[in-house]
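Enquirer: Dropping the structure in here first, questions after.
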Amino acid sequence: MVNIQNLADQLYQAEIKRDGTDALTVQEPDLTLDEAYAVQLENINKKCEQGQQIVGKKIGLTSKAMQNLLGVDEPDYGHLLDEMVVENGSDILMDQVMQPKVEAEIAFVLKQDLQGPNVNVLDVLQATDYVLPALEIVDSRVQDWKISLPDTIADNASSGLYVLGGTPVKVDETHLPQIGMVLSKNGEIENTGVGAACMGDPATCVAWLANKLSAFDITLKAGEVILSGALSAAIDAEAGDHFSAKLAQLGEVSVKFK
């Protein structure tokens, strides 16, 4: 029988010591997705008991390419905590992260609760206060990113830090699937993307999350930030790197690693 607490402690200690651990599925090859989410929640609850607060959720594996790579047919999710927030245009110290990668995303900020099942795109748009450009710094407590789906889920969907742009935009002033994105590293374009890369519409991803969470009796709350999924591939980050993402209709967001 899987010991959820022991697996959670392994990831927690890896984060505290900044020393990657072996994948959980090396020890527990039959680790189920429900068990992996239980491991995730164990550490989220522990951090909340220590004074951190849940401020939102992130959605991962929203592109067909990533789903095919891991052999799955739906995204995954993790929790955003207040200590993960980085100010737009500021610096991230390398001792805050382990093996960071940067993704550009569209962030939703809710003005109403969203509770599944049966949440649809229109529900999401009506519940959204505004959207923002975002950078997610994904990170892994598993050595060398040697992960399978249960590993990343257990590791809070490989969450690290995130940065939000500073100019809120109402959703009725945008067409989310058509929002183009350019992600640059040190002034050079690394990749481009479009809103439709996220399950056809980033709002579809948020609807999926609300419905998925309903199985755990969890509601997306007004005021929460929802990172809706990467618009293109993640880019490795090292000390000295500067990242910026420009999203049509939404503006720019940036961060530097030191």
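Each chain in the structure tokens gets a letter, A, B, ..., in the order shown, and its residues are numbered from 1; ligands are numbered from 1 in order too.
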Near Ser90 of chain A, counting only C-alpha atoms, which residues have an atom at most 9 Å away, once you skip same-chain residues fewer than 2 positions from it, shown as a PDB file with C-alpha atoms, in the first residue's frame?

Expert:
```
ATOM      1  CA  VAL A  86       6.988  37.380  -8.281  1.00  0.00           C
ATOM      2  CA  GLU A  87       6.507  41.027  -9.213  1.00  0.00           C
ATOM      3  CA  ASN A  88       6.469  41.894 -12.893  1.00  0.00           C
ATOM      4  CA  ILE A  92      14.333  35.772  -9.210  1.00  0.00           C
ATOM      5  CA  SER A 254       8.981  40.024 -17.754  1.00  0.00           C
ATOM      6  CA  VAL A 255      11.407  38.649 -15.177  1.00  0.00           C
ATOM      7  CA  LYS A 256      15.164  38.219 -14.718  1.00  0.00           C
ATOM      8  CA  PHE A 257      17.121  35.421 -13.048  1.00  0.00           C
TER       9      PHE A 257
END
```

Enquirer: Can you pull out the residues contacting Met199 of chain A? Cut-off 10 Å, using only C-alpha atoms, and skip same-chain residues under 3 positions away; I want them as an NGL selection string.

Expert: :A and (61-64 or 74-75 or 177 or 195-196 or 202-205 or 208 or 228-229)

Enquirer: What's around Ile153 of chain A at 10 Å? Count only C-alpha atoms, leave out sequence neighbours fewer than 3 positions away in its own chain, and write the answer as a list of chain:residue names.

Expert: A:Leu33, A:Asp34, A:Glu35, A:Ala36, A:Tyr37, A:Ala38, A:Val39, A:Gln40, A:Leu41, A:Gly60, A:Asp76, A:Tyr77, A:Gly78, A:Ile147, A:Ser148, A:Leu149, A:Pro150, A:Asn156, A:Ala157, A:Ser158, A:Ser159

Enquirer: Could you pull the residues within 12 Å of Ile189 of chain A, counting only C-alpha atoms, minus those fewer than 6 positions along the same chain, as a list in words?

Expert: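 Neighbouring residues, sequence-local ones excluded: Met181, Val182, Leu183, Ile235, His242, Phe243, Ser244, Ala245 and Lys246 of chain A.
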
Enquirer: Within 10 Å of Gln178 of chain A, counting only C-alpha atoms, which residues qualify if same-chain residues fewer than 3 places away don't, as a PDB file with N, CA and C atoms, in the first residue's frame?

Expert:
```
ATOM      1  N   THR A 174     -11.284  40.937 -25.602  1.00  0.00           N
ATOM      2  CA  THR A 174     -10.311  40.042 -26.227  1.00  0.00           C
ATOM      3  C   THR A 174     -11.037  38.932 -26.982  1.00  0.00           C
ATOM      4  N   HIS A 175     -10.279  38.211 -27.787  1.00  0.00           N
ATOM      5  CA  HIS A 175     -10.751  36.939 -28.334  1.00  0.00           C
ATOM      6  C   HIS A 175      -9.674  35.931 -27.971  1.00  0.00           C
ATOM      7  N   MET A 181       1.278  35.181 -28.957  1.00  0.00           N
ATOM      8  CA  MET A 181       2.290  35.359 -27.922  1.00  0.00           C
ATOM      9  C   MET A 181       3.688  35.207 -28.516  1.00  0.00           C
ATOM     10  N   GLY A 193       3.354  31.476 -29.797  1.00  0.00           N
ATOM     11  CA  GLY A 193       2.195  30.631 -29.537  1.00  0.00           C
ATOM     12  C   GLY A 193       0.910  31.412 -29.714  1.00  0.00           C
ATOM     13  N   VAL A 194      -0.186  30.747 -29.481  1.00  0.00           N
ATOM     14  CA  VAL A 194      -1.511  31.361 -29.640  1.00  0.00           C
ATOM     15  C   VAL A 194      -2.458  30.738 -28.630  1.00  0.00           C
ATOM     16  N   GLY A 195      -3.468  31.502 -28.228  1.00  0.00           N
ATOM     17  CA  GLY A 195      -4.401  31.026 -27.221  1.00  0.00           C
ATOM     18  C   GLY A 195      -5.023  29.683 -27.535  1.00  0.00           C
ATOM     19  N   ALA A 196      -5.273  29.433 -28.806  1.00  0.00           N
ATOM     20  CA  ALA A 196      -5.920  28.183 -29.211  1.00  0.00           C
ATOM     21  C   ALA A 196      -5.066  26.958 -28.914  1.00  0.00           C
ATOM     22  N   ALA A 197      -3.763  27.166 -28.603  1.00  0.00           N
ATOM     23  CA  ALA A 197      -2.895  26.031 -28.262  1.00  0.00           C
ATOM     24  C   ALA A 197      -3.357  25.346 -26.980  1.00  0.00           C
ATOM     25  N   GLY A 200      -7.819  24.567 -27.540  1.00  0.00           N
ATOM     26  CA  GLY A 200      -8.674  25.331 -28.434  1.00  0.00           C
ATOM     27  C   GLY A 200      -9.077  26.689 -27.904  1.00  0.00           C
ATOM     28  N   ASP A 201      -9.064  26.853 -26.577  1.00  0.00           N
ATOM     29  CA  ASP A 201      -9.476  28.109 -25.937  1.00  0.00           C
ATOM     30  C   ASP A 201      -9.026  28.038 -24.482  1.00  0.00           C
ATOM     31  N   ALA A 248      -0.625  39.694 -27.567  1.00  0.00           N
ATOM     32  CA  ALA A 248      -1.509  40.628 -28.251  1.00  0.00           C
ATOM     33  C   ALA A 248      -2.746  40.898 -27.396  1.00  0.00           C
ATOM     34  N   GLN A 249      -3.124  42.152 -27.302  1.00  0.00           N
ATOM     35  CA  GLN A 249      -4.296  42.618 -26.551  1.00  0.00           C
ATOM     36  C   GLN A 249      -4.065  42.653 -25.040  1.00  0.00           C
TER      37      GLN A 249
END
```

Enquirer: Between A:Val2, A:Leu114, A:Val138, A:Leu209, which has the minimum distance to Leu161 of chain A (counting only C-alpha atoms)?

Expert: A:Val138

Enquirer: Quote the spacing between atom CA of Leu110 of chain A and atom CA of Gln126 of chain A in Å to one decimal place.

Expert: 9.1 Å

Enquirer: Using backbone DSSP assignments, extract all alpha helix (DSSP H) residues from segment 57-192 of chain A; output them as a ChimeraX atom specification.

Expert: /A:64-70,121-127,149-154

Enquirer: Return the single residue from A:Gly166, A:Gly240, A:Gly160, A:Gly223 that is closest to Val102 of chain A, with distances computed using only C-alpha atoms.

Expert: A:Gly160

Enquirer: Quick one: of A:Lys258, A:Lys146, A:Lys46, A:Lys212, who's nearest to Gly20 of chain A, counting only C-alpha atoms?

Expert: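 Of all the options, A:Lys146 lies closest to Gly20 of chain A.
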
Enquirer: Report, in Å to a single decimal, how far apart atom CA of Gln112 of chain A and atom CA of Ala127 of chain A are.

Expert: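 Separation between atom CA of Ala127 of chain A and atom CA of Gln112 of chain A: 4.8 Å.
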
Enquirer: Measuring atom to atom with only C-alpha atoms, identify which of A:Cys48, A:Ile137, A:Leu70, A:Leu250 is nearest to Gln99 of chain A.

Expert: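 Checking each candidate against Gln99 of chain A, we get A:Ile137 as the closest.
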
Enquirer: Taking the backbone alone, and naming residues the way the document does, which bits of segment 73-234 of chain A are strand (DSSP E or B) by DSSP, as a ChimeraX atom specification?

Expert: /A:76-81,85-86,91-92,101-110,114,128-138,142,161-164,169,180-185,188-194,220,225-230

Enquirer: Extract, using only C-alpha atoms, all DNA, RNA and protein residues at most 12 Å from Glu15 of chain A, discarding same-chain residues fewer than 6 positions from it, and format them as a PDB file with N, CA and C atoms, in the first residue's frame.

Expert:
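Dumped everything to around24.pdb:
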```pdb
ATOM      1  N   ALA A   8       5.119  12.353   0.152  1.00  0.00           N
ATOM      2  CA  ALA A   8       5.034  13.810   0.286  1.00  0.00           C
ATOM      3  C   ALA A   8       6.271  14.357   0.988  1.00  0.00           C
ATOM      4  N   ASP A   9       6.727  13.677   2.026  1.00  0.00           N
ATOM      5  CA  ASP A   9       7.925  14.117   2.752  1.00  0.00           C
ATOM      6  C   ASP A   9       9.157  14.113   1.851  1.00  0.00           C
ATOM      7  N   THR A  21      15.169  14.756  -5.901  1.00  0.00           N
ATOM      8  CA  THR A  21      14.970  13.371  -5.486  1.00  0.00           C
ATOM      9  C   THR A  21      14.705  12.490  -6.699  1.00  0.00           C
ATOM     10  N   ASN A  43       1.278  18.075   0.844  1.00  0.00           N
ATOM     11  CA  ASN A  43       2.263  19.150   0.986  1.00  0.00           C
ATOM     12  C   ASN A  43       1.629  20.532   0.930  1.00  0.00           C
ATOM     13  N   LYS A  47       2.023  23.314   3.913  1.00  0.00           N
ATOM     14  CA  LYS A  47       2.473  24.688   3.715  1.00  0.00           C
ATOM     15  C   LYS A  47       1.428  25.688   4.227  1.00  0.00           C
ATOM     16  N   ASP A  95      18.730  30.788  -5.955  1.00  0.00           N
ATOM     17  CA  ASP A  95      18.525  29.907  -4.806  1.00  0.00           C
ATOM     18  C   ASP A  95      17.054  29.790  -4.418  1.00  0.00           C
ATOM     19  N   GLN A  96      16.170  30.463  -5.176  1.00  0.00           N
ATOM     20  CA  GLN A  96      14.730  30.292  -4.985  1.00  0.00           C
ATOM     21  C   GLN A  96      14.194  29.112  -5.793  1.00  0.00           C
ATOM     22  N   VAL A  97      14.995  28.630  -6.739  1.00  0.00           N
ATOM     23  CA  VAL A  97      14.536  27.608  -7.667  1.00  0.00           C
ATOM     24  C   VAL A  97      15.568  26.489  -7.744  1.00  0.00           C
ATOM     25  N   MET A  98      15.217  25.406  -8.436  1.00  0.00           N
ATOM     26  CA  MET A  98      16.111  24.259  -8.550  1.00  0.00           C
ATOM     27  C   MET A  98      16.552  24.028  -9.994  1.00  0.00           C
ATOM     28  N   GLN A  99      15.603  23.819 -10.878  1.00  0.00           N
ATOM     29  CA  GLN A  99      15.907  23.591 -12.296  1.00  0.00           C
ATOM     30  C   GLN A  99      14.786  24.232 -13.122  1.00  0.00           C
ATOM     31  N   ASP A 139       9.129  24.200 -12.215  1.00  0.00           N
ATOM     32  CA  ASP A 139      10.306  23.670 -11.543  1.00  0.00           C
ATOM     33  C   ASP A 139       9.988  22.244 -11.123  1.00  0.00           C
ATOM     34  N   SER A 140      11.008  21.470 -10.866  1.00  0.00           N
ATOM     35  CA  SER A 140      10.768  20.080 -10.467  1.00  0.00           C
ATOM     36  C   SER A 140      11.659  19.722  -9.304  1.00  0.00           C
ATOM     37  N   ARG A 141      11.069  19.075  -8.327  1.00  0.00           N
ATOM     38  CA  ARG A 141      11.824  18.545  -7.206  1.00  0.00           C
ATOM     39  C   ARG A 141      12.393  17.173  -7.537  1.00  0.00           C
ATOM     40  N   VAL A 142      12.114  16.684  -8.741  1.00  0.00           N
ATOM     41  CA  VAL A 142      12.627  15.395  -9.210  1.00  0.00           C
ATOM     42  C   VAL A 142      13.886  15.645 -10.045  1.00  0.00           C
ATOM     43  N   GLN A 143      14.941  14.943  -9.727  1.00  0.00           N
ATOM     44  CA  GLN A 143      16.235  15.152 -10.371  1.00  0.00           C
ATOM     45  C   GLN A 143      16.145  15.055 -11.894  1.00  0.00           C
ATOM     46  N   ASP A 155       4.141  16.418  -7.445  1.00  0.00           N
ATOM     47  CA  ASP A 155       5.023  17.561  -7.225  1.00  0.00           C
ATOM     48  C   ASP A 155       4.312  18.874  -7.542  1.00  0.00           C
ATOM     49  N   ASN A 156       3.041  18.946  -7.217  1.00  0.00           N
ATOM     50  CA  ASN A 156       2.218  20.138  -7.422  1.00  0.00           C
ATOM     51  C   ASN A 156       2.262  20.595  -8.871  1.00  0.00           C
ATOM     52  N   SER A 158       4.532  20.373 -10.954  1.00  0.00           N
ATOM     53  CA  SER A 158       5.833  21.008 -11.245  1.00  0.00           C
ATOM     54  C   SER A 158       5.755  22.530 -11.157  1.00  0.00           C
ATOM     55  N   SER A 159       5.007  23.026 -10.191  1.00  0.00           N
ATOM     56  CA  SER A 159       4.894  24.470  -9.999  1.00  0.00           C
ATOM     57  C   SER A 159       6.154  25.015  -9.329  1.00  0.00           C
ATOM     58  N   GLY A 160       6.474  26.265  -9.672  1.00  0.00           N
ATOM     59  CA  GLY A 160       7.577  26.942  -9.016  1.00  0.00           C
ATOM     60  C   GLY A 160       7.152  28.320  -8.564  1.00  0.00           C
TER      61      GLY A 160
END
```
